[in-house]
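Enquirer: Quick one, target05.cif (mmCIF, N, CA and C atoms):
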data_my_file
#
loop_
_atom_site.label_atom_id
_atom_site.label_comp_id
_atom_site.auth_asym_id
_atom_site.auth_seq_id
_atom_site.Cartn_x
_atom_site.Cartn_y
_atom_site.Cartn_z
N MET B 1 7.77 -17.64 3.77
CA MET B 1 7.41 -16.27 3.41
C MET B 1 5.91 -16.08 3.63
N THR B 2 5.54 -15.03 4.35
CA THR B 2 4.14 -14.78 4.63
C THR B 2 3.46 -14.20 3.39
N MET B 3 2.14 -14.24 3.44
CA MET B 3 1.37 -13.70 2.32
C MET B 3 1.66 -12.22 2.13
N LEU B 4 1.80 -11.47 3.23
CA LEU B 4 2.08 -10.04 3.14
C LEU B 4 3.44 -9.80 2.49
N ASN B 5 4.45 -10.59 2.86
CA ASN B 5 5.77 -10.44 2.24
C ASN B 5 5.71 -10.74 0.75
N ASN B 6 4.95 -11.75 0.37
CA ASN B 6 4.79 -12.09 -1.04
C ASN B 6 4.11 -10.95 -1.79
N LEU B 7 3.08 -10.37 -1.19
CA LEU B 7 2.37 -9.26 -1.80
C LEU B 7 3.29 -8.05 -1.95
N LYS B 8 4.10 -7.78 -0.92
CA LYS B 8 5.03 -6.66 -1.00
C LYS B 8 6.03 -6.86 -2.13
N THR B 9 6.55 -8.06 -2.29
CA THR B 9 7.51 -8.34 -3.36
C THR B 9 6.88 -8.08 -4.72
N GLU B 10 5.67 -8.56 -4.91
CA GLU B 10 4.97 -8.34 -6.18
C GLU B 10 4.66 -6.86 -6.38
N THR B 11 4.30 -6.18 -5.31
CA THR B 11 3.98 -4.76 -5.39
C THR B 11 5.18 -3.95 -5.83
N PHE B 12 6.32 -4.17 -5.19
CA PHE B 12 7.50 -3.36 -5.47
C PHE B 12 8.07 -3.62 -6.86
N ASN B 13 7.65 -4.67 -7.52
CA ASN B 13 8.08 -4.96 -8.88
C ASN B 13 7.03 -4.57 -9.91
N SER B 14 5.95 -3.98 -9.48
CA SER B 14 4.84 -3.68 -10.38
C SER B 14 5.01 -2.35 -11.11
N LYS B 15 4.31 -2.23 -12.21
CA LYS B 15 4.31 -0.99 -12.98
C LYS B 15 3.65 0.13 -12.17
N ALA B 16 2.56 -0.21 -11.47
CA ALA B 16 1.85 0.80 -10.67
C ALA B 16 2.78 1.41 -9.62
N TYR B 17 3.56 0.57 -8.96
CA TYR B 17 4.47 1.05 -7.92
C TYR B 17 5.62 1.85 -8.53
N LYS B 18 6.18 1.36 -9.61
CA LYS B 18 7.32 2.04 -10.24
C LYS B 18 6.95 3.42 -10.77
N ASN B 19 5.67 3.65 -11.07
CA ASN B 19 5.22 4.95 -11.58
C ASN B 19 4.92 5.97 -10.48
N LEU B 20 5.04 5.57 -9.23
CA LEU B 20 4.75 6.48 -8.13
C LEU B 20 5.87 7.49 -7.92
N SER B 21 5.51 8.62 -7.34
CA SER B 21 6.52 9.61 -6.93
C SER B 21 7.28 9.05 -5.73
N PRO B 22 8.45 9.59 -5.45
CA PRO B 22 9.21 9.12 -4.29
C PRO B 22 8.42 9.22 -2.97
N VAL B 23 7.65 10.28 -2.81
CA VAL B 23 6.85 10.45 -1.59
C VAL B 23 5.79 9.36 -1.49
N MET B 24 5.13 9.06 -2.61
CA MET B 24 4.11 8.01 -2.60
C MET B 24 4.73 6.64 -2.36
N LYS B 25 5.90 6.38 -2.92
CA LYS B 25 6.58 5.10 -2.67
C LYS B 25 6.87 4.95 -1.18
N GLU B 26 7.35 6.02 -0.56
CA GLU B 26 7.64 5.98 0.87
C GLU B 26 6.34 5.75 1.66
N ALA B 27 5.27 6.39 1.24
CA ALA B 27 3.98 6.22 1.91
C ALA B 27 3.50 4.78 1.82
N ILE B 28 3.60 4.18 0.65
CA ILE B 28 3.17 2.79 0.47
C ILE B 28 4.02 1.86 1.33
N ASN B 29 5.32 2.10 1.37
CA ASN B 29 6.20 1.31 2.23
C ASN B 29 5.76 1.43 3.69
N ASP B 30 5.40 2.64 4.10
CA ASP B 30 4.97 2.86 5.48
C ASP B 30 3.65 2.15 5.78
N VAL B 31 2.76 2.09 4.81
CA VAL B 31 1.50 1.36 5.00
C VAL B 31 1.81 -0.10 5.33
N TYR B 32 2.67 -0.71 4.54
CA TYR B 32 3.04 -2.11 4.80
C TYR B 32 3.69 -2.28 6.17
N LYS B 33 4.56 -1.36 6.54
CA LYS B 33 5.23 -1.45 7.84
C LYS B 33 4.23 -1.38 8.99
N LEU B 34 3.27 -0.48 8.89
CA LEU B 34 2.27 -0.36 9.95
C LEU B 34 1.38 -1.60 10.03
N ILE B 35 1.03 -2.15 8.89
CA ILE B 35 0.20 -3.36 8.88
C ILE B 35 0.94 -4.50 9.57
N GLU B 36 2.23 -4.61 9.30
CA GLU B 36 3.02 -5.69 9.91
C GLU B 36 3.14 -5.53 11.42
N LYS B 37 3.19 -4.30 11.92
CA LYS B 37 3.38 -4.03 13.34
C LYS B 37 2.13 -4.34 14.17
N GLU B 38 0.96 -4.07 13.62
CA GLU B 38 -0.27 -4.15 14.38
C GLU B 38 -0.84 -5.56 14.37
N SER B 39 -1.63 -5.82 15.39
CA SER B 39 -2.37 -7.08 15.42
C SER B 39 -3.84 -6.78 15.18
N GLY B 40 -4.58 -7.78 14.80
CA GLY B 40 -6.01 -7.60 14.56
C GLY B 40 -6.38 -7.96 13.14
N TYR B 41 -7.57 -7.56 12.78
CA TYR B 41 -8.10 -7.87 11.45
C TYR B 41 -7.40 -7.04 10.38
N ILE B 42 -7.09 -7.67 9.26
CA ILE B 42 -6.33 -7.03 8.19
C ILE B 42 -7.04 -5.78 7.65
N VAL B 43 -8.34 -5.83 7.49
CA VAL B 43 -9.07 -4.69 6.93
C VAL B 43 -8.96 -3.49 7.87
N THR B 44 -9.12 -3.73 9.15
CA THR B 44 -9.00 -2.65 10.13
C THR B 44 -7.58 -2.09 10.14
N LYS B 45 -6.60 -2.97 10.12
CA LYS B 45 -5.20 -2.53 10.11
C LYS B 45 -4.90 -1.73 8.85
N PHE B 46 -5.42 -2.19 7.72
CA PHE B 46 -5.17 -1.53 6.44
C PHE B 46 -5.76 -0.12 6.44
N ASP B 47 -7.01 0.00 6.85
CA ASP B 47 -7.65 1.32 6.88
C ASP B 47 -6.93 2.27 7.83
N ARG B 48 -6.57 1.78 9.00
CA ARG B 48 -5.88 2.61 9.98
C ARG B 48 -4.51 3.03 9.46
N ALA B 49 -3.81 2.12 8.83
CA ALA B 49 -2.48 2.44 8.30
C ALA B 49 -2.57 3.51 7.22
N ILE B 50 -3.54 3.39 6.33
CA ILE B 50 -3.71 4.39 5.27
C ILE B 50 -3.98 5.76 5.88
N GLU B 51 -4.85 5.82 6.86
CA GLU B 51 -5.16 7.11 7.50
C GLU B 51 -3.93 7.73 8.15
N GLU B 52 -3.18 6.93 8.89
CA GLU B 52 -1.99 7.44 9.58
C GLU B 52 -0.92 7.89 8.59
N VAL B 53 -0.69 7.11 7.56
CA VAL B 53 0.33 7.43 6.58
C VAL B 53 -0.05 8.68 5.79
N ALA B 54 -1.30 8.79 5.40
CA ALA B 54 -1.75 9.97 4.66
C ALA B 54 -1.52 11.24 5.49
N LYS B 55 -1.87 11.17 6.75
CA LYS B 55 -1.67 12.33 7.62
C LYS B 55 -0.19 12.64 7.79
N PHE B 56 0.62 11.63 8.02
CA PHE B 56 2.06 11.83 8.23
C PHE B 56 2.74 12.44 7.01
N HIS B 57 2.40 11.94 5.82
CA HIS B 57 3.04 12.40 4.58
C HIS B 57 2.30 13.57 3.93
N ASN B 58 1.21 14.00 4.56
CA ASN B 58 0.41 15.10 4.03
C ASN B 58 -0.07 14.83 2.60
N ILE B 59 -0.59 13.63 2.40
CA ILE B 59 -1.19 13.26 1.12
C ILE B 59 -2.61 12.76 1.39
N SER B 60 -3.41 12.72 0.37
CA SER B 60 -4.81 12.34 0.58
C SER B 60 -4.97 10.83 0.74
N ILE B 61 -5.93 10.48 1.55
CA ILE B 61 -6.28 9.07 1.71
C ILE B 61 -6.69 8.50 0.37
N LYS B 62 -7.42 9.30 -0.39
CA LYS B 62 -7.91 8.85 -1.70
C LYS B 62 -6.77 8.48 -2.63
N SER B 63 -5.67 9.24 -2.61
CA SER B 63 -4.55 8.94 -3.51
C SER B 63 -3.92 7.59 -3.17
N ILE B 64 -3.84 7.28 -1.87
CA ILE B 64 -3.30 5.98 -1.47
C ILE B 64 -4.26 4.86 -1.86
N GLU B 65 -5.54 5.08 -1.63
CA GLU B 65 -6.54 4.07 -2.00
C GLU B 65 -6.57 3.84 -3.51
N GLU B 66 -6.43 4.91 -4.28
CA GLU B 66 -6.40 4.77 -5.74
C GLU B 66 -5.18 3.97 -6.18
N TYR B 67 -4.05 4.19 -5.53
CA TYR B 67 -2.87 3.40 -5.85
C TYR B 67 -3.15 1.91 -5.62
N PHE B 68 -3.69 1.57 -4.45
CA PHE B 68 -3.96 0.17 -4.15
C PHE B 68 -4.99 -0.42 -5.11
N ASP B 69 -5.95 0.39 -5.58
CA ASP B 69 -6.90 -0.07 -6.60
C ASP B 69 -6.15 -0.42 -7.89
N ARG B 70 -5.25 0.47 -8.32
CA ARG B 70 -4.47 0.21 -9.54
C ARG B 70 -3.59 -1.03 -9.36
N GLU B 71 -2.99 -1.15 -8.19
CA GLU B 71 -2.13 -2.30 -7.90
C GLU B 71 -2.92 -3.60 -7.97
N LEU B 72 -4.08 -3.59 -7.37
CA LEU B 72 -4.92 -4.78 -7.37
C LEU B 72 -5.35 -5.15 -8.79
N GLU B 73 -5.75 -4.15 -9.57
CA GLU B 73 -6.13 -4.41 -10.95
C GLU B 73 -4.96 -4.99 -11.75
N GLU B 74 -3.78 -4.45 -11.52
CA GLU B 74 -2.60 -4.97 -12.22
C GLU B 74 -2.30 -6.41 -11.80
N GLN B 75 -2.32 -6.67 -10.50
CA GLN B 75 -2.00 -8.00 -10.01
C GLN B 75 -3.01 -9.05 -10.47
N LEU B 76 -4.28 -8.61 -10.62
CA LEU B 76 -5.32 -9.54 -11.07
C LEU B 76 -5.44 -9.60 -12.59
N GLY B 77 -4.65 -8.77 -13.27
CA GLY B 77 -4.66 -8.77 -14.72
C GLY B 77 -5.91 -8.16 -15.33
N GLU B 78 -6.52 -7.24 -14.62
CA GLU B 78 -7.75 -6.63 -15.10
C GLU B 78 -7.51 -5.43 -16.00
N LYS B 79 -6.30 -4.92 -16.06
CA LYS B 79 -6.01 -3.79 -16.95
C LYS B 79 -4.74 -4.05 -17.69
#
Please express the file's structure as structure tokens.
Expert:
Amino acid sequence: MTMLNNLKTETFNSKAYKNLSPVMKEAINDVYKLIEKESGYIVTKFDRAIEEVAKFHNISIKSIEEYFDRELEEQLGEK
């Protein structure tokens, strides 16, 4: 199992993810799909995926970034 698959499993079982609207859940799933498809540096892939997904789903980049901030805080036990 790759690190990304492990992260996805933990993400989809998290409180932060479960509290998302259906549209946001679909957007987060799409971010992971785009990251898996592309080659290159993870940070570049992540930023590009967020931009594309936000535009496609007509949601703000900030809302996706805030979700990932909450997810990271939850996974690291900071909140």
Enquirer: What is the distance, in Å and to one decimal place, between CA of Glu52 in chain B and CA of Ser39 in chain B?
Expert: 15.7 Å
Enquirer: What does the distance between CA of Arg48 in chain B and atom C of Pro22 in chain B come to in Å, to one decimal place?
Expert: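 One can read the CA of Arg48 in chain B to atom C of Pro22 in chain B distance as 20.4 Å.
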Enquirer: What is the distance, in Å and to one decimal place, between CA of Lys33 in chain B and CA of Ala49 in chain B?
Expert: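 Taking CA of Lys33 in chain B and CA of Ala49 in chain B, their separation equals 8.6 Å.
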Enquirer: Quick one: apply the PyMOL selection byres ((chain B and resi 70-79) around 8) to the file and drop the selected residues here as a VMD selection string.
Expert: chain B and resid 10 to 11 14 to 17 64 to 69
Enquirer: Give me the box for range 20-28 of chain B as AutoDock Vina command-line options, namely the centre and edge lengths in Å to one decimal of a box along x, y and z that holds every listed atom plus 6 Å on each side.
Expert:
--center_x 6.2 --center_y 6.2 --center_z -3.7 --size_x 18.0 --size_y 20.6 --size_z 23.1
